[in-house]
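Engineer: For reference, the file work-v9.pdb (PDB, C-alpha atoms) is included below:
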```pdb
MODEL        1
ATOM      1  CA  MET A   1       0.000   0.000   0.000
ATOM      2  CA  LEU A   2       3.002   2.277  -0.432
ATOM      3  CA  LEU A   3       1.343   3.831  -3.481
ATOM      4  CA  ALA A   4      -1.659   4.863  -1.386
ATOM      5  CA  GLU A   5       0.670   6.553   1.122
ATOM      6  CA  ARG A   6       2.534   8.452  -1.591
ATOM      7  CA  PHE A   7      -0.778   9.427  -3.200
ATOM      8  CA  ASP A   8      -1.908  10.851   0.145
ATOM      9  CA  GLU A   9       1.311  12.868   0.439
ATOM     10  CA  TRP A  10       0.696  14.327  -3.017
ATOM     11  CA  LEU A  11      -2.875  15.286  -2.081
ATOM     12  CA  ALA A  12      -1.501  17.068   0.984
ATOM     13  CA  ALA A  13       1.071  18.887  -1.184
ATOM     14  CA  ILE A  14      -1.653  20.247  -3.488
ATOM     15  CA  ASN A  15      -3.708  21.342  -0.479
ATOM     16  CA  TYR A  16      -6.582  18.867  -0.514
ATOM     17  CA  SER A  17      -8.605  19.047   2.692
ATOM     18  CA  PRO A  18      -7.791  16.514   5.439
ATOM     19  CA  LYS A  19     -11.279  15.013   5.122
ATOM     20  CA  THR A  20     -10.938  14.490   1.358
ATOM     21  CA  ARG A  21      -7.472  12.988   1.841
ATOM     22  CA  VAL A  22      -8.783  10.486   4.375
ATOM     23  CA  ASN A  23     -11.629   9.471   2.063
ATOM     24  CA  TYR A  24      -9.456   9.222  -1.059
ATOM     25  CA  LYS A  25      -6.760   7.231   0.710
ATOM     26  CA  ARG A  26      -9.344   4.799   2.094
ATOM     27  CA  ASP A  27     -11.062   4.409  -1.271
ATOM     28  CA  VAL A  28      -7.779   3.815  -3.089
ATOM     29  CA  ARG A  29      -6.871   1.151  -0.530
ATOM     30  CA  VAL A  30     -10.216  -0.563  -1.193
ATOM     31  CA  PHE A  31      -9.488  -0.519  -4.921
ATOM     32  CA  LEU A  32      -5.944  -1.866  -4.517
ATOM     33  CA  GLU A  33      -7.192  -4.680  -2.260
ATOM     34  CA  TRP A  34      -9.870  -5.567  -4.838
ATOM     35  CA  LEU A  35      -7.236  -5.494  -7.578
ATOM     36  CA  ALA A  36      -4.918  -7.855  -5.679
ATOM     37  CA  GLU A  37      -7.746 -10.306  -4.998
ATOM     38  CA  ASN A  38      -9.480 -10.288  -8.383
ATOM     39  CA  ILE A  39      -7.115  -9.290 -11.196
ATOM     40  CA  ALA A  40      -3.929 -11.071 -12.232
ATOM     41  CA  VAL A  41      -1.621  -8.078 -12.722
ATOM     42  CA  SER A  42       1.902  -7.768 -11.405
ATOM     43  CA  THR A  43       2.156  -3.959 -11.581
ATOM     44  CA  ILE A  44      -0.259  -1.033 -11.474
ATOM     45  CA  GLY A  45       0.822  -0.202 -15.024
ATOM     46  CA  GLU A  46      -0.934  -3.324 -16.294
ATOM     47  CA  VAL A  47      -4.383  -2.100 -15.230
ATOM     48  CA  THR A  48      -6.660  -1.557 -18.235
ATOM     49  CA  PRO A  49      -9.957   0.286 -18.757
ATOM     50  CA  ALA A  50     -11.647  -3.132 -18.796
ATOM     51  CA  HIS A  51     -10.317  -3.847 -15.300
ATOM     52  CA  LEU A  52     -11.716  -0.545 -14.066
ATOM     53  CA  GLN A  53     -15.083  -1.335 -15.626
ATOM     54  CA  GLN A  54     -15.026  -4.625 -13.706
ATOM     55  CA  TYR A  55     -14.318  -2.695 -10.523
ATOM     56  CA  GLN A  56     -17.216  -0.344 -11.264
ATOM     57  CA  MET A  57     -19.530  -3.325 -11.719
ATOM     58  CA  TRP A  58     -18.234  -4.788  -8.461
ATOM     59  CA  LEU A  59     -19.076  -1.550  -6.652
ATOM     60  CA  TYR A  60     -22.544  -1.585  -8.208
ATOM     61  CA  ASN A  61     -23.240  -5.166  -7.082
ATOM     62  CA  TYR A  62     -21.486  -4.970  -3.720
ATOM     63  CA  GLU A  63     -23.809  -5.463  -0.766
ATOM     64  CA  ARG A  64     -22.810  -4.110   2.610
ATOM     65  CA  ALA A  65     -23.940  -6.211   5.572
ATOM     66  CA  GLU A  66     -25.000  -4.477   8.785
ATOM     67  CA  GLU A  67     -25.647  -6.354  11.991
ATOM     68  CA  GLY A  68     -29.353  -6.879  12.578
ATOM     69  CA  LYS A  69     -30.279  -5.360   9.207
ATOM     70  CA  GLU A  70     -30.722  -6.526   5.657
ATOM     71  CA  SER A  71     -27.660  -6.103   3.467
ATOM     72  CA  ARG A  72     -27.790  -3.037   1.233
ATOM     73  CA  ARG A  73     -26.076  -1.992  -1.956
ATOM     74  CA  LEU A  74     -23.797   1.015  -1.924
ATOM     75  CA  ALA A  75     -25.555   4.294  -2.554
ATOM     76  CA  VAL A  76     -24.962   5.838  -5.965
ATOM     77  CA  GLY A  77     -23.165   8.742  -4.299
ATOM     78  CA  THR A  78     -20.806   6.361  -2.489
ATOM     79  CA  GLN A  79     -20.023   4.556  -5.739
ATOM     80  CA  ALA A  80     -19.308   7.876  -7.445
ATOM     81  CA  CYS A  81     -16.994   9.001  -4.625
ATOM     82  CA  ARG A  82     -15.012   5.767  -4.733
ATOM     83  CA  LEU A  83     -14.599   6.039  -8.483
ATOM     84  CA  ALA A  84     -13.569   9.691  -8.168
ATOM     85  CA  ALA A  85     -10.752   8.615  -5.837
ATOM     86  CA  VAL A  86      -9.606   6.002  -8.350
ATOM     87  CA  ARG A  87      -9.702   8.536 -11.210
ATOM     88  CA  LYS A  88      -7.590  10.967  -9.171
ATOM     89  CA  PHE A  89      -5.196   8.159  -8.228
ATOM     90  CA  PHE A  90      -4.540   7.224 -11.847
ATOM     91  CA  SER A  91      -4.281  10.890 -12.803
ATOM     92  CA  TRP A  92      -1.491  11.191 -10.245
ATOM     93  CA  LEU A  93       0.226   8.008 -11.479
ATOM     94  CA  SER A  94       0.124   9.380 -15.028
ATOM     95  CA  ALA A  95       1.522  12.775 -13.971
ATOM     96  CA  GLU A  96       4.302  10.968 -12.091
ATOM     97  CA  GLN A  97       4.998   8.934 -15.255
ATOM     98  CA  GLN A  98       4.563   5.706 -13.325
ATOM     99  CA  ILE A  99       2.152   4.443 -15.985
ATOM    100  CA  ALA A 100       2.349   4.731 -19.760
ATOM    101  CA  TYR A 101      -1.271   5.860 -20.137
ATOM    102  CA  ASN A 102      -4.209   6.624 -17.899
ATOM    103  CA  PRO A 103      -6.760   3.764 -18.015
ATOM    104  CA  ALA A 104      -9.226   5.794 -15.910
ATOM    105  CA  SER A 105      -9.465   8.743 -18.283
ATOM    106  CA  ALA A 106     -12.721   7.439 -19.796
ATOM    107  CA  LEU A 107     -14.176   6.063 -16.557
ATOM    108  CA  GLN A 108     -17.742   7.360 -16.237
ATOM    109  CA  PRO A 109     -19.191   7.821 -12.745
ATOM    110  CA  PRO A 110     -22.804   6.737 -12.227
ATOM    111  CA  LYS A 111     -25.418   9.419 -12.768
ATOM    112  CA  GLN A 112     -26.652  10.560  -9.391
ATOM    113  CA  PRO A 113     -30.304  11.346  -8.817
ATOM    114  CA  GLN A 114     -30.786  15.008  -7.945
ATOM    115  CA  ARG A 115     -32.217  15.181  -4.462
ATOM    116  CA  LEU A 116     -33.909  18.144  -2.897
ATOM    117  CA  PRO A 117     -32.142  19.504   0.178
ATOM    118  CA  ALA A 118     -33.756  17.888   3.210
ATOM    119  CA  ASN A 119     -34.879  19.741   6.331
ATOM    120  CA  VAL A 120     -34.537  23.236   4.870
ATOM    121  CA  LEU A 121     -35.029  25.888   7.524
ATOM    122  CA  THR A 122     -37.743  28.452   7.017
ATOM    123  CA  ARG A 123     -36.866  32.103   7.505
ATOM    124  CA  SER A 124     -38.597  32.172  10.888
ATOM    125  CA  GLU A 125     -36.787  29.005  11.994
ATOM    126  CA  ALA A 126     -33.422  30.432  10.937
ATOM    127  CA  LYS A 127     -34.160  33.646  12.837
ATOM    128  CA  ARG A 128     -35.169  31.655  15.915
ATOM    129  CA  LEU A 129     -32.076  29.451  15.679
ATOM    130  CA  LEU A 130     -29.841  32.502  15.801
ATOM    131  CA  GLU A 131     -31.703  34.584  18.336
ATOM    132  CA  CYS A 132     -32.210  31.751  20.825
ATOM    133  CA  THR A 133     -28.442  31.670  21.313
ATOM    134  CA  PRO A 134     -27.695  34.368  23.920
ATOM    135  CA  THR A 135     -24.503  36.421  23.972
ATOM    136  CA  GLU A 136     -24.060  37.134  27.674
ATOM    137  CA  ARG A 137     -21.604  34.286  28.302
ATOM    138  CA  LEU A 138     -18.320  34.209  26.381
ATOM    139  CA  ARG A 139     -18.859  30.755  24.893
ATOM    140  CA  ASP A 140     -22.362  31.679  23.778
ATOM    141  CA  ALA A 141     -20.983  34.822  22.136
ATOM    142  CA  ARG A 142     -18.598  32.634  20.153
ATOM    143  CA  ASP A 143     -21.367  30.199  19.206
ATOM    144  CA  ARG A 144     -23.654  33.026  18.110
ATOM    145  CA  ALA A 145     -20.893  34.418  15.884
ATOM    146  CA  ILE A 146     -20.403  30.975  14.310
ATOM    147  CA  LEU A 147     -24.111  30.593  13.608
ATOM    148  CA  GLU A 148     -24.400  34.100  12.189
ATOM    149  CA  VAL A 149     -21.431  33.545   9.853
ATOM    150  CA  LEU A 150     -22.767  30.188   8.636
ATOM    151  CA  TYR A 151     -26.170  31.643   7.797
ATOM    152  CA  SER A 152     -24.885  34.999   6.551
ATOM    153  CA  THR A 153     -22.339  33.644   4.075
ATOM    154  CA  GLY A 154     -23.295  30.018   3.414
ATOM    155  CA  VAL A 155     -19.691  28.943   4.007
ATOM    156  CA  ARG A 156     -18.893  25.261   4.254
ATOM    157  CA  ARG A 157     -18.028  23.817   7.649
ATOM    158  CA  ALA A 158     -14.384  23.203   6.662
ATOM    159  CA  GLU A 159     -14.115  26.763   5.336
ATOM    160  CA  LEU A 160     -15.460  28.142   8.610
ATOM    161  CA  ILE A 161     -12.952  26.106  10.632
ATOM    162  CA  GLY A 162     -10.107  27.307   8.416
ATOM    163  CA  LEU A 163     -10.845  31.021   8.871
ATOM    164  CA  THR A 164      -8.103  33.080  10.517
ATOM    165  CA  ILE A 165      -8.256  36.444  12.255
ATOM    166  CA  TYR A 166      -6.650  37.935   9.139
ATOM    167  CA  ASP A 167      -9.581  36.811   6.967
ATOM    168  CA  VAL A 168     -12.038  39.111   8.755
ATOM    169  CA  ASP A 169     -12.579  42.696   7.625
ATOM    170  CA  LEU A 170     -15.112  44.134  10.050
ATOM    171  CA  GLU A 171     -14.830  47.626   8.625
ATOM    172  CA  GLY A 172     -15.493  46.450   5.085
ATOM    173  CA  GLY A 173     -17.957  43.777   6.213
ATOM    174  CA  THR A 174     -16.278  40.884   4.382
ATOM    175  CA  LEU A 175     -14.676  37.499   4.946
ATOM    176  CA  ARG A 176     -11.918  36.007   2.837
ATOM    177  CA  ILE A 177     -12.378  32.291   2.262
ATOM    178  CA  GLU A 178      -8.801  31.239   1.622
ATOM    179  CA  ARG A 179      -8.421  28.111  -0.480
ATOM    180  CA  GLY A 180     -11.977  26.885  -0.294
ATOM    181  CA  LYS A 181     -13.178  23.756  -2.069
ATOM    182  CA  GLY A 182     -11.270  23.336  -5.318
ATOM    183  CA  ASP A 183      -8.362  25.360  -3.872
ATOM    184  CA  THR A 184     -10.044  28.660  -4.724
ATOM    185  CA  THR A 185     -10.147  31.904  -2.762
ATOM    186  CA  ARG A 186     -13.181  34.191  -2.637
ATOM    187  CA  ILE A 187     -14.315  37.285  -0.772
ATOM    188  CA  VAL A 188     -17.841  37.185   0.637
ATOM    189  CA  PRO A 189     -19.908  39.912   2.308
ATOM    190  CA  ILE A 190     -21.337  39.431   5.786
ATOM    191  CA  THR A 191     -24.598  40.789   7.139
ATOM    192  CA  ASP A 192     -24.731  43.542   9.726
ATOM    193  CA  SER A 193     -25.887  41.069  12.375
ATOM    194  CA  ALA A 194     -22.983  38.719  11.593
ATOM    195  CA  ARG A 195     -20.550  41.629  11.726
ATOM    196  CA  ALA A 196     -21.903  42.712  15.135
ATOM    197  CA  SER A 197     -21.640  39.154  16.482
ATOM    198  CA  LEU A 198     -18.087  38.781  15.195
ATOM    199  CA  LYS A 199     -17.095  42.130  16.714
ATOM    200  CA  LEU A 200     -18.452  41.087  20.107
ATOM    201  CA  TYR A 201     -16.711  37.702  19.933
ATOM    202  CA  LEU A 202     -13.366  39.195  18.881
ATOM    203  CA  GLU A 203     -13.398  41.929  21.485
ATOM    204  CA  GLU A 204     -14.611  39.912  24.465
ATOM    205  CA  ALA A 205     -14.352  36.150  24.008
ATOM    206  CA  ARG A 206     -11.563  35.229  21.645
ATOM    207  CA  GLU A 207      -8.817  37.038  23.521
ATOM    208  CA  VAL A 208      -9.767  35.037  26.620
ATOM    209  CA  TYR A 209      -9.806  31.665  24.832
ATOM    210  CA  ALA A 210      -6.806  32.047  22.500
ATOM    211  CA  ARG A 211      -4.099  31.794  25.120
ATOM    212  CA  GLU A 212      -1.171  31.599  22.697
ATOM    213  CA  ALA A 213      -0.288  34.672  20.640
ATOM    214  CA  SER A 214       0.679  32.407  17.740
ATOM    215  CA  GLN A 215      -2.891  31.087  17.424
ATOM    216  CA  THR A 216      -4.416  32.721  14.355
ATOM    217  CA  ARG A 217      -7.566  30.656  13.808
ATOM    218  CA  LEU A 218     -10.677  32.792  14.095
ATOM    219  CA  PHE A 219     -12.842  30.388  16.073
ATOM    220  CA  VAL A 220     -11.102  28.622  18.964
ATOM    221  CA  SER A 221     -12.013  26.175  21.684
ATOM    222  CA  SER A 222     -13.092  27.516  25.057
ATOM    223  CA  ARG A 223     -11.198  24.635  26.691
ATOM    224  CA  SER A 224      -7.911  24.270  24.829
ATOM    225  CA  GLY A 225      -7.619  27.558  22.994
ATOM    226  CA  GLY A 226      -6.880  25.559  19.870
ATOM    227  CA  PRO A 227      -8.865  25.369  16.635
ATOM    228  CA  LEU A 228     -12.370  23.921  16.634
ATOM    229  CA  ASP A 229     -13.026  20.723  14.698
ATOM    230  CA  ASP A 230     -15.941  19.317  12.680
ATOM    231  CA  ALA A 231     -17.618  17.771  15.720
ATOM    232  CA  ASP A 232     -17.507  21.085  17.621
ATOM    233  CA  ILE A 233     -19.359  22.919  14.830
ATOM    234  CA  VAL A 234     -21.990  20.162  14.574
ATOM    235  CA  ARG A 235     -22.512  20.289  18.340
ATOM    236  CA  ILE A 236     -22.909  24.082  18.333
ATOM    237  CA  VAL A 237     -25.516  23.999  15.561
ATOM    238  CA  GLN A 238     -27.497  21.152  17.086
ATOM    239  CA  LYS A 239     -27.449  22.789  20.517
ATOM    240  CA  ALA A 240     -28.889  25.952  18.949
ATOM    241  CA  ALA A 241     -31.590  23.906  17.192
ATOM    242  CA  ARG A 242     -32.626  22.344  20.505
ATOM    243  CA  ARG A 243     -32.754  25.744  22.177
ATOM    244  CA  ALA A 244     -34.956  27.012  19.349
ATOM    245  CA  LYS A 245     -37.171  23.910  19.662
ATOM    246  CA  ILE A 246     -36.675  23.023  15.989
ATOM    247  CA  LYS A 247     -37.616  19.399  15.417
ATOM    248  CA  LYS A 248     -35.887  19.056  12.037
ATOM    249  CA  HIS A 249     -32.483  17.384  11.804
ATOM    250  CA  ILE A 250     -30.237  20.424  11.479
ATOM    251  CA  THR A 251     -26.544  20.368  10.549
ATOM    252  CA  PRO A 252     -24.039  23.104   9.646
ATOM    253  CA  HIS A 253     -24.844  22.386   5.989
ATOM    254  CA  SER A 254     -28.512  23.137   6.726
ATOM    255  CA  LEU A 255     -27.518  26.763   7.278
ATOM    256  CA  ARG A 256     -25.722  26.786   3.923
ATOM    257  CA  HIS A 257     -28.904  25.469   2.293
ATOM    258  CA  ALA A 258     -30.978  28.041   4.163
ATOM    259  CA  CYS A 259     -28.716  30.910   3.082
ATOM    260  CA  ALA A 260     -29.021  29.948  -0.594
ATOM    261  CA  THR A 261     -32.740  29.206  -0.466
ATOM    262  CA  HIS A 262     -33.669  32.404   1.335
ATOM    263  CA  LEU A 263     -31.551  34.509  -1.024
ATOM    264  CA  LEU A 264     -33.310  32.850  -3.943
ATOM    265  CA  LYS A 265     -36.691  33.579  -2.374
ATOM    266  CA  GLY A 266     -35.546  37.179  -2.056
ATOM    267  CA  LYS A 267     -35.036  37.262  -5.858
ATOM    268  CA  ALA A 268     -31.241  37.080  -5.824
ATOM    269  CA  ASP A 269     -29.722  36.051  -9.153
ATOM    270  CA  ILE A 270     -28.644  32.415  -9.126
ATOM    271  CA  ARG A 271     -25.206  33.306 -10.505
ATOM    272  CA  GLN A 272     -24.648  35.657  -7.592
ATOM    273  CA  ILE A 273     -25.556  32.843  -5.211
ATOM    274  CA  GLN A 274     -23.150  30.579  -7.111
ATOM    275  CA  LYS A 275     -20.335  33.053  -6.486
ATOM    276  CA  LEU A 276     -21.224  33.447  -2.810
ATOM    277  CA  LEU A 277     -21.261  29.689  -2.200
ATOM    278  CA  GLY A 278     -18.090  29.039  -4.179
ATOM    279  CA  HIS A 279     -19.675  26.582  -6.607
ATOM    280  CA  ARG A 280     -17.561  25.932  -9.693
ATOM    281  CA  ARG A 281     -20.563  24.742 -11.700
ATOM    282  CA  LEU A 282     -23.929  26.447 -11.910
ATOM    283  CA  SER A 283     -25.596  23.014 -11.776
ATOM    284  CA  SER A 284     -24.449  22.710  -8.137
ATOM    285  CA  THR A 285     -26.344  25.885  -7.295
ATOM    286  CA  GLU A 286     -29.400  25.031  -9.356
ATOM    287  CA  VAL A 287     -30.462  22.380  -6.841
ATOM    288  CA  TYR A 288     -31.763  25.243  -4.704
ATOM    289  CA  THR A 289     -34.192  26.290  -7.425
ATOM    290  CA  HIS A 290     -36.083  23.046  -6.888
ATOM    291  CA  VAL A 291     -36.835  24.019  -3.317
ATOM    292  CA  GLU A 292     -39.138  26.668  -4.719
ATOM    293  CA  ILE A 293     -41.673  24.141  -6.079
ATOM    294  CA  SER A 294     -43.945  25.067  -3.186
ATOM    295  CA  ASP A 295     -43.980  28.651  -4.460
ATOM    296  CA  LEU A 296     -44.800  27.474  -7.984
ATOM    297  CA  ARG A 297     -47.588  25.243  -6.703
ATOM    298  CA  GLU A 298     -49.117  28.173  -4.851
ATOM    299  CA  VAL A 299     -48.999  30.284  -8.020
ATOM    300  CA  VAL A 300     -50.655  27.530 -10.083
ATOM    301  CA  GLN A 301     -53.384  26.999  -7.506
ATOM    302  CA  ARG A 302     -54.044  30.734  -7.310
ATOM    303  CA  CYS A 303     -53.818  31.640 -10.990
ATOM    304  CA  HIS A 304     -54.449  28.647 -13.232
ATOM    305  CA  PRO A 305     -58.003  28.623 -14.679
ATOM    306  CA  ARG A 306     -58.390  24.910 -13.952
ATOM    307  CA  GLU A 307     -57.556  25.504 -10.294
ATOM    308  CA  LYS A 308     -59.782  28.471  -9.598
ATOM    309  CA  LYS A 309     -62.546  27.787  -7.157
ATOM    310  CA  ARG A 310     -66.014  28.588  -8.409
TER     311      ARG A 310
ENDMDL
END
```
So, in terms of structure tokens, how does the structure I just supplied come out?
Structural biologist:
Amino acid sequence: MLLAERFDEWLAAINYSPKTRVNYKRDVRVFLEWLAENIAVSTIGEVTPAHLQQYQMWLYNYERAEEGKESRRLAVGTQACRLAAVRKFFSWLSAEQQIAYNPASALQPPKQPQRLPANVLTRSEAKRLLECTPTERLRDARDRAILEVLYSTGVRRAELIGLTIYDVDLEGGTLRIERGKGDTTRIVPITDSARASLKLYLEEAREVYAREASQTRLFVSSRSGGPLDDADIVRIVQKAARRAKIKKHITPHSLRHACATHLLKGKADIRQIQKLLGHRRLSSTEVYTHVEISDLREVVQRCHPREKKR
């Protein structure tokens, strides 16, 4: 599995996120184990497109057993992610000139069904989620700032965690998302309420928690003074949802969905939302347009001649 280790080092060198690196390394290991058990090749350079098609069929037919439950096939999204790791792996091997040609160049991922975002917060629920988090205690002031930034900007959880004190411009009312998904950098505006919450956190809470002068992360732990992690952000959001008595399953990504959906309801242009969210493809943003089917249904019921009540 030395190749998987070297592949992981390369991903780190080109600034892939730790989470993506973990997933890609795991998925490449799964592929290499399958290759060793099922295909008679002596080197990775002998892998052909036909072998990769066999692996894709194996993923499609693979059934995962869970204790006390019926075995289930891998979700289409899981299959696509595992194939994406393999494609990237062979792209790296080709760039390193360890293989004569890239057998994965024509590998087609399965078409994923487009799902509507689940548990989208309404405007009133989002307002309640934020305002039910008080700001009197230092930790609550930090949590309120986190919630306000998530909803104000629609940033991803990993992007929020990666923010530094130098990425905040309170006077200009902006955040710099340095090396977001796809290794891109973007500047996003923040709302007045998010700016006020950040100002309070920076002036009163952060200087108490960040004990070391060398610590530059924006949001830090109240216990260690070090950076927050994924689990911390999930806990903060879910605690706020409980306080607001919201029964939906709410995650940090729910606030990203809410930001996009509520901007769309407010007649924002979808390309502006695309830029705010840092989507490379407009199709990634267009999923939010489907949330508005309820609005369309109301229009049809109110205006269509076959729906008018007599």
Engineer: To one decimal in Å, tell me the separation between CA of Leu129 in chain A and CA of Ala231 in chain A.
Structural biologist: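 Atom-to-atom, CA of Leu129 in chain A to CA of Ala231 in chain A, that is 18.6 Å.
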Engineer: When distances are computed from all atoms listed in the file, which of A:Ala12, A:Met1, A:Ala210, A:Ala258 shows the smallest separation from Glu125 in chain A?
Structural biologist: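 Residue with the minimum atom-to-atom distance to Glu125 in chain A: A:Ala258.
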Engineer: Show me, as JSON, numbers by chain, the residues that have an atom within 8 Å of range 88-90 of chain A when counting only C-alpha atoms, minus same-chain residues fewer than 6 positions from it.
Structural biologist: {"A": [7, 28, 102, 103, 104]}
Engineer: Go through the shown structure with the PyMOL selection byres ((chain A and resi 85) around 9) and write out the matching residues as a list in words.
Structural biologist: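 Written out, the selection comes to Asn23, Tyr24, Lys25, Arg26, Asp27, Val28, Ala80, Cys81, Arg82, Leu83, Ala84, Val86, Arg87, Lys88, Phe89 and Phe90 of chain A.
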Engineer: Using the chain letters and numbers from the file, give me the residues hit by the PyMOL selection byres ((chain A and resi 274-283) around 10), as a PDB file with C-alpha atoms, keeping the file's coordinate frame.
Structural biologist:
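Resulting contents of out-v2.pdb:
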```
ATOM      1  CA  THR A 153     -22.339  33.644   4.075  1.00  0.00           C
ATOM      2  CA  GLY A 154     -23.295  30.018   3.414  1.00  0.00           C
ATOM      3  CA  VAL A 155     -19.691  28.943   4.007  1.00  0.00           C
ATOM      4  CA  ARG A 156     -18.893  25.261   4.254  1.00  0.00           C
ATOM      5  CA  ILE A 177     -12.378  32.291   2.262  1.00  0.00           C
ATOM      6  CA  GLY A 180     -11.977  26.885  -0.294  1.00  0.00           C
ATOM      7  CA  LYS A 181     -13.178  23.756  -2.069  1.00  0.00           C
ATOM      8  CA  GLY A 182     -11.270  23.336  -5.318  1.00  0.00           C
ATOM      9  CA  THR A 184     -10.044  28.660  -4.724  1.00  0.00           C
ATOM     10  CA  THR A 185     -10.147  31.904  -2.762  1.00  0.00           C
ATOM     11  CA  ARG A 186     -13.181  34.191  -2.637  1.00  0.00           C
ATOM     12  CA  ILE A 187     -14.315  37.285  -0.772  1.00  0.00           C
ATOM     13  CA  VAL A 188     -17.841  37.185   0.637  1.00  0.00           C
ATOM     14  CA  PRO A 189     -19.908  39.912   2.308  1.00  0.00           C
ATOM     15  CA  ARG A 256     -25.722  26.786   3.923  1.00  0.00           C
ATOM     16  CA  HIS A 257     -28.904  25.469   2.293  1.00  0.00           C
ATOM     17  CA  CYS A 259     -28.716  30.910   3.082  1.00  0.00           C
ATOM     18  CA  ALA A 260     -29.021  29.948  -0.594  1.00  0.00           C
ATOM     19  CA  ASP A 269     -29.722  36.051  -9.153  1.00  0.00           C
ATOM     20  CA  ILE A 270     -28.644  32.415  -9.126  1.00  0.00           C
ATOM     21  CA  ARG A 271     -25.206  33.306 -10.505  1.00  0.00           C
ATOM     22  CA  GLN A 272     -24.648  35.657  -7.592  1.00  0.00           C
ATOM     23  CA  ILE A 273     -25.556  32.843  -5.211  1.00  0.00           C
ATOM     24  CA  SER A 284     -24.449  22.710  -8.137  1.00  0.00           C
ATOM     25  CA  THR A 285     -26.344  25.885  -7.295  1.00  0.00           C
ATOM     26  CA  GLU A 286     -29.400  25.031  -9.356  1.00  0.00           C
ATOM     27  CA  VAL A 287     -30.462  22.380  -6.841  1.00  0.00           C
ATOM     28  CA  TYR A 288     -31.763  25.243  -4.704  1.00  0.00           C
TER      29      TYR A 288
END
```
Engineer: Of the residues A:Gln79, A:Thr48, A:Ile165, A:Gly266, which is the one nearest to Ala100 in chain A, using only C-alpha atoms?
Structural biologist: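 For Ala100 in chain A, the nearest of the given residues is A:Thr48.
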Engineer: Could you name the residues that touch Arg211 in chain A at 9 Å or less, counting all atoms listed in the file, but leaving out those on the same chain fewer than 5 positions away, as an MDAnalysis selection string?
Structural biologist: chainID A and resid 206 224:226
Engineer: Next, write the just-selected residues to a file, as a PDB file, in the coordinates of the input, keeping C-alpha atoms as the atom set.
Structural biologist:
```pdb
ATOM      1  CA  ARG A 206     -11.563  35.229  21.645  1.00  0.00           C
ATOM      2  CA  SER A 224      -7.911  24.270  24.829  1.00  0.00           C
ATOM      3  CA  GLY A 225      -7.619  27.558  22.994  1.00  0.00           C
ATOM      4  CA  GLY A 226      -6.880  25.559  19.870  1.00  0.00           C
TER       5      GLY A 226
END
```
Engineer: Might you pull out every residue within 12 Å of Ser71 in chain A, with all atoms listed in the file counted and same-chain residues fewer than 6 positions away left off, and present them as a list in words?
Structural biologist: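 Listed by chain and then number, they are Asn61, Tyr62, Glu63, Arg64 and Ala65 of chain A.
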Engineer: Calculated over all atoms listed in the file, which of the candidates A:Glu46, A:Glu171, A:Glu148, A:Glu5 has the smallest distance to Thr133 in chain A?
Structural biologist: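 Between A:Glu46, A:Glu171, A:Glu148, A:Glu5, the residue approaching Thr133 in chain A most closely is A:Glu148.
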Engineer: Quick check, in Å to one decimal: how far apart do CA of Gln108 in chain A and CA of Leu74 in chain A lie?
Structural biologist: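 Going from CA of Gln108 in chain A over to CA of Leu74 in chain A, I get 16.8 Å.
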Engineer: Identify all residues satisfying the PyMOL selection byres ((chain A and resi 201-205) around 7) in the given file; provide them as a PDB file with C-alpha atoms, in the frame of the given file.
Structural biologist:
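Everything below was put into result-v6.pdb:
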```pdb
ATOM      1  CA  LEU A 138     -18.320  34.209  26.381  1.00  0.00           C
ATOM      2  CA  ALA A 141     -20.983  34.822  22.136  1.00  0.00           C
ATOM      3  CA  ARG A 142     -18.598  32.634  20.153  1.00  0.00           C
ATOM      4  CA  ALA A 145     -20.893  34.418  15.884  1.00  0.00           C
ATOM      5  CA  SER A 197     -21.640  39.154  16.482  1.00  0.00           C
ATOM      6  CA  LEU A 198     -18.087  38.781  15.195  1.00  0.00           C
ATOM      7  CA  LYS A 199     -17.095  42.130  16.714  1.00  0.00           C
ATOM      8  CA  LEU A 200     -18.452  41.087  20.107  1.00  0.00           C
ATOM      9  CA  ARG A 206     -11.563  35.229  21.645  1.00  0.00           C
ATOM     10  CA  GLU A 207      -8.817  37.038  23.521  1.00  0.00           C
ATOM     11  CA  VAL A 208      -9.767  35.037  26.620  1.00  0.00           C
ATOM     12  CA  TYR A 209      -9.806  31.665  24.832  1.00  0.00           C
TER      13      TYR A 209
END
```
Engineer: Which residue is closest to Ala241 in chain A? Choose from A:Gln112, A:Ser152, A:Ser214, A:Ser254 and count all atoms listed in the file.
Structural biologist: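 Counting all atoms listed in the file, the residue closest to Ala241 in chain A is A:Ser254.
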Engineer: Please, what distance in Å, to one decimal, runs between CA of Arg242 in chain A and CA of Leu130 in chain A?
Structural biologist: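 Computing it gives 11.5 Å between the two atoms.
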Engineer: Using only C-alpha atoms and a cutoff of 12 Å, can you tell me which residues are near (-12.7, 29.0, 8.8) in the file's coordinates, and write them out as a PyMOL selection string?
Structural biologist: chain A and resi 146+149-150+153-168+175-180+216-220+227-230+233
Engineer: Using the file's own x, y and z axes, what box holds all listed atoms of range 147-159 of chain A with 3 Å on each side, keeping edges along x, y and z, and what are its centre and edge lengths in Å to one decimal, as JSON?
Structural biologist:
```
{"center_x": -20.1, "center_y": 29.1, "center_z": 8.5, "size_x": 18.1, "size_y": 17.8, "size_z": 16.2}
```
Engineer: So which one's closest to Trp34 in chain A, A:Trp92, A:Tyr101, A:Tyr55, A:Tyr60? Using only C-alpha atoms, please.
Structural biologist: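 Closest to Trp34 in chain A of all the choices is A:Tyr55.
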Engineer: Need the shell around Arg128 in chain A: protein/DNA/RNA residues with any atom at most 10 Å away, counting only C-alpha atoms. Skip same-chain ones fewer than 2 positions apart. Format as a PyMOL selection string?
Structural biologist: chain A and resi 122-126+130-133+240-241+243-246
